[in-house]
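The structure under discussion appears below in the form of structure tokens.
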Amino acid sequence: MRIAILGNGRSGSSMLGMILGSHPLIKDVGEAYNLFPKFITKAKRDLIKKEGLCGVCGRQCKEWGVNSFNLDGIIVDTSKIVSWFKRVEDKNTKYIRLTRSVYDRLGSFKHKKGRITKEIVINWVKYEQQISNYLSKKQHFTVKYEELCQKKGLHEICGFIGVTGSDSMWNFWETLHHPVRGNSLTNLLVRLKHGLVTFDELKHKEIYFMNTIGFNVKYVDRTKHLDSSDLKLIGKYGGKVMNKEIGYC
């Protein structure tokens, strides 16, 4: 069975993948679309060829060698890409939609990139609509990122998937898999957990991440990074409507 997690960028899909992957019956494979060259850029293909698929061990990884991988059992796929899930969908796929306020996510984007533009807002809203259209005719479970950070909804997610034992899954760092190359901070947690890097070897950004969030599930409100012009821009190009559609009034 494949657990397909769909959410726009910065929605917490990698975090949810790690949480679900901590269950003894479930494996977090990360962004599985990276296994197929058609769905990745040439630059990423070259990087995978050089460093391996897991993004943690490099080519030495016994589990995710360049030409060997296993997707048997219950897997969590955090690819997020609708076109990818259309390719691999079957009757054994369970869909989870992870939502987060459009304003909160774009605030997070601005915090990292320094600004947001008309094109960024339009593309963000367009992809959110694409997810809505894709899941409209499929049975799926929806959970808000903020609720997940408040340790809500996991029991219901497990019920939807058909497994029990959600309480211990909040300590997801005790069972971290080697996900397919994707979220760099996810890979950092795995490297730390398995002793492949020490805290003293981390970069400034990584140290900040570990000191503020680390192995914990924590919500940080990013809407504070938006000014009045940003709010106007988001509202003008559909962000306000989409925010309401995904459950944020």
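Please note that chains go A, B, ... in the order of the structure tokens, that every chain numbers its residues from 1, and that ligands are numbered from 1 in the order shown.
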Quick one: residues within 10 Å of A:Lys151, only C-alpha atoms counted, chain neighbours fewer than 2 positions away excluded, as a PyMOL selection string? chain A and resi 145-149+153-155+167+170+217-218
Which residues come within 8 Å of A:Gly30, counting only C-alpha atoms, excluding same-chain residues fewer than 6 positions away, as a list of chain:residue names?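 So the residues in contact are A:Ser14, A:Gly17, A:Val76, A:Asp77, A:Thr78, A:Ser79, A:Pro179, A:Val180, A:Arg181, A:Gly182.
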Requested write-out: N, CA and C atoms of the selected residues, as a PDB file, in the first residue's frame:
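The file below, again-v3.pdb, is the result:
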```
ATOM      1  N   SER A  14       7.147  16.398   4.581  1.00  0.00           N
ATOM      2  CA  SER A  14       8.311  15.599   5.000  1.00  0.00           C
ATOM      3  C   SER A  14       8.211  15.224   6.476  1.00  0.00           C
ATOM      4  N   GLY A  17       5.679  12.517   6.809  1.00  0.00           N
ATOM      5  CA  GLY A  17       6.273  11.283   6.320  1.00  0.00           C
ATOM      6  C   GLY A  17       7.138  10.610   7.367  1.00  0.00           C
ATOM      7  N   VAL A  76       5.272   5.389   2.669  1.00  0.00           N
ATOM      8  CA  VAL A  76       4.813   6.777   2.653  1.00  0.00           C
ATOM      9  C   VAL A  76       5.583   7.499   1.562  1.00  0.00           C
ATOM     10  N   ASP A  77       4.860   8.077   0.639  1.00  0.00           N
ATOM     11  CA  ASP A  77       5.452   8.806  -0.481  1.00  0.00           C
ATOM     12  C   ASP A  77       5.101  10.280  -0.318  1.00  0.00           C
ATOM     13  N   THR A  78       6.109  11.118  -0.080  1.00  0.00           N
ATOM     14  CA  THR A  78       5.875  12.547   0.158  1.00  0.00           C
ATOM     15  C   THR A  78       6.176  13.395  -1.080  1.00  0.00           C
ATOM     16  N   SER A  79       6.044  12.810  -2.250  1.00  0.00           N
ATOM     17  CA  SER A  79       6.423  13.490  -3.494  1.00  0.00           C
ATOM     18  C   SER A  79       5.682  14.803  -3.728  1.00  0.00           C
ATOM     19  N   PRO A 179      15.254   8.522   3.753  1.00  0.00           N
ATOM     20  CA  PRO A 179      14.327   8.868   2.675  1.00  0.00           C
ATOM     21  C   PRO A 179      15.067   9.140   1.373  1.00  0.00           C
ATOM     22  N   VAL A 180      14.341   8.978   0.258  1.00  0.00           N
ATOM     23  CA  VAL A 180      14.892   9.357  -1.036  1.00  0.00           C
ATOM     24  C   VAL A 180      15.200  10.843  -1.002  1.00  0.00           C
ATOM     25  N   ARG A 181      16.238  11.223  -1.693  1.00  0.00           N
ATOM     26  CA  ARG A 181      16.671  12.625  -1.716  1.00  0.00           C
ATOM     27  C   ARG A 181      15.495  13.585  -1.853  1.00  0.00           C
ATOM     28  N   GLY A 182      15.452  14.577  -0.966  1.00  0.00           N
ATOM     29  CA  GLY A 182      14.360  15.547  -1.011  1.00  0.00           C
ATOM     30  C   GLY A 182      14.645  16.701  -0.077  1.00  0.00           C
TER      31      GLY A 182
END
```
Looking only at alpha helix (DSSP H) from DSSP on the backbone, list the matching residues of stretch 1-87 of chain A as a PyMOL selection string. chain A and resi 13-21+42-51+82-87
Atoms to include: N, CA and C atoms. Write the selected residues as an mmCIF file, in the first residue's frame.
```
data_model
loop_
_atom_site.group_PDB
_atom_site.id
_atom_site.type_symbol
_atom_site.label_atom_id
_atom_site.label_comp_id
_atom_site.auth_asym_id
_atom_site.auth_seq_id
_atom_site.Cartn_x
_atom_site.Cartn_y
_atom_site.Cartn_z
ATOM 1 N N SER A 13 4.917 18.108 4.639
ATOM 2 C CA SER A 13 4.781 16.737 4.145
ATOM 3 C C SER A 13 5.950 15.853 4.578
ATOM 4 N N SER A 14 7.147 16.398 4.581
ATOM 5 C CA SER A 14 8.311 15.599 5.000
ATOM 6 C C SER A 14 8.211 15.224 6.476
ATOM 7 N N MET A 15 7.732 16.164 7.285
ATOM 8 C CA MET A 15 7.550 15.889 8.709
ATOM 9 C C MET A 15 6.523 14.785 8.923
ATOM 10 N N LEU A 16 5.381 14.879 8.214
ATOM 11 C CA LEU A 16 4.349 13.854 8.347
ATOM 12 C C LEU A 16 4.870 12.506 7.860
ATOM 13 N N GLY A 17 5.679 12.517 6.809
ATOM 14 C CA GLY A 17 6.273 11.283 6.320
ATOM 15 C C GLY A 17 7.138 10.610 7.367
ATOM 16 N N MET A 18 7.933 11.398 8.083
ATOM 17 C CA MET A 18 8.787 10.842 9.130
ATOM 18 C C MET A 18 7.950 10.296 10.287
ATOM 19 N N ILE A 19 6.880 11.014 10.646
ATOM 20 C CA ILE A 19 6.013 10.572 11.742
ATOM 21 C C ILE A 19 5.364 9.237 11.398
ATOM 22 N N LEU A 20 4.772 9.145 10.210
ATOM 23 C CA LEU A 20 4.127 7.906 9.801
ATOM 24 C C LEU A 20 5.150 6.784 9.626
ATOM 25 N N GLY A 21 6.325 7.140 9.122
ATOM 26 C CA GLY A 21 7.367 6.145 8.908
ATOM 27 C C GLY A 21 7.920 5.547 10.187
ATOM 28 N N LYS A 42 17.736 17.615 -15.096
ATOM 29 C CA LYS A 42 19.036 17.028 -15.434
ATOM 30 C C LYS A 42 20.037 17.251 -14.302
ATOM 31 N N ALA A 43 19.955 18.431 -13.669
ATOM 32 C CA ALA A 43 20.873 18.738 -12.571
ATOM 33 C C ALA A 43 20.698 17.748 -11.423
ATOM 34 N N LYS A 44 19.428 17.415 -11.119
ATOM 35 C CA LYS A 44 19.188 16.462 -10.037
ATOM 36 C C LYS A 44 19.596 15.054 -10.457
ATOM 37 N N ARG A 45 19.388 14.698 -11.726
ATOM 38 C CA ARG A 45 19.833 13.389 -12.210
ATOM 39 C C ARG A 45 21.337 13.233 -12.046
ATOM 40 N N ASP A 46 22.055 14.297 -12.390
ATOM 41 C CA ASP A 46 23.508 14.258 -12.269
ATOM 42 C C ASP A 46 23.933 14.152 -10.804
ATOM 43 N N LEU A 47 23.202 14.847 -9.929
ATOM 44 C CA LEU A 47 23.515 14.815 -8.504
ATOM 45 C C LEU A 47 23.278 13.420 -7.933
ATOM 46 N N ILE A 48 22.154 12.802 -8.326
ATOM 47 C CA ILE A 48 21.849 11.451 -7.861
ATOM 48 C C ILE A 48 22.895 10.459 -8.345
ATOM 49 N N LYS A 49 23.304 10.613 -9.584
ATOM 50 C CA LYS A 49 24.320 9.719 -10.143
ATOM 51 C C LYS A 49 25.631 9.847 -9.375
ATOM 52 N N LYS A 50 25.922 11.062 -8.930
ATOM 53 C CA LYS A 50 27.174 11.314 -8.213
ATOM 54 C C LYS A 50 27.103 10.924 -6.750
ATOM 55 N N GLU A 51 25.967 11.247 -6.082
ATOM 56 C CA GLU A 51 25.898 11.109 -4.628
ATOM 57 C C GLU A 51 24.962 10.016 -4.130
ATOM 58 N N VAL A 82 1.343 16.076 -8.272
ATOM 59 C CA VAL A 82 0.119 15.443 -8.746
ATOM 60 C C VAL A 82 0.385 14.557 -9.950
ATOM 61 N N SER A 83 1.174 15.037 -10.914
ATOM 62 C CA SER A 83 1.450 14.246 -12.116
ATOM 63 C C SER A 83 2.132 12.929 -11.777
ATOM 64 N N TRP A 84 2.934 12.923 -10.721
ATOM 65 C CA TRP A 84 3.599 11.697 -10.290
ATOM 66 C C TRP A 84 2.571 10.714 -9.724
ATOM 67 N N PHE A 85 1.702 11.191 -8.866
ATOM 68 C CA PHE A 85 0.713 10.300 -8.259
ATOM 69 C C PHE A 85 -0.290 9.782 -9.292
ATOM 70 N N LYS A 86 -0.542 10.543 -10.336
ATOM 71 C CA LYS A 86 -1.393 10.048 -11.420
ATOM 72 C C LYS A 86 -0.735 8.852 -12.092
ATOM 73 N N ARG A 87 0.567 8.881 -12.187
ATOM 74 C CA ARG A 87 1.308 7.790 -12.840
ATOM 75 C C ARG A 87 1.278 6.508 -12.011
#
```
Backbone-only DSSP, strand (DSSP E or B) members of stretch 96-161 of chain A, as a PyMOL selection string: chain A and resi 96-99+140-144
Can I get the selection written as an mmCIF file, in the first residue's frame, with C-alpha atoms?
```
data_model
loop_
_atom_site.group_PDB
_atom_site.id
_atom_site.type_symbol
_atom_site.label_atom_id
_atom_site.label_comp_id
_atom_site.auth_asym_id
_atom_site.auth_seq_id
_atom_site.Cartn_x
_atom_site.Cartn_y
_atom_site.Cartn_z
ATOM 1 C CA ILE A 96 -3.662 12.327 2.732
ATOM 2 C CA ARG A 97 -3.950 16.024 2.055
ATOM 3 C CA LEU A 98 -1.867 18.203 4.332
ATOM 4 C CA THR A 99 -2.979 21.830 4.278
ATOM 5 C CA HIS A 140 -8.832 11.112 1.192
ATOM 6 C CA PHE A 141 -8.093 12.381 4.679
ATOM 7 C CA THR A 142 -7.339 16.064 5.244
ATOM 8 C CA VAL A 143 -5.281 17.365 8.150
ATOM 9 C CA LYS A 144 -4.065 20.874 8.902
#
```
Quote the spacing between atom CA of A:Glu206 and atom CA of A:Arg191 in Å to one decimal place.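 If I compute the distance from atom CA of A:Glu206 to atom CA of A:Arg191, I get 12.0 Å.
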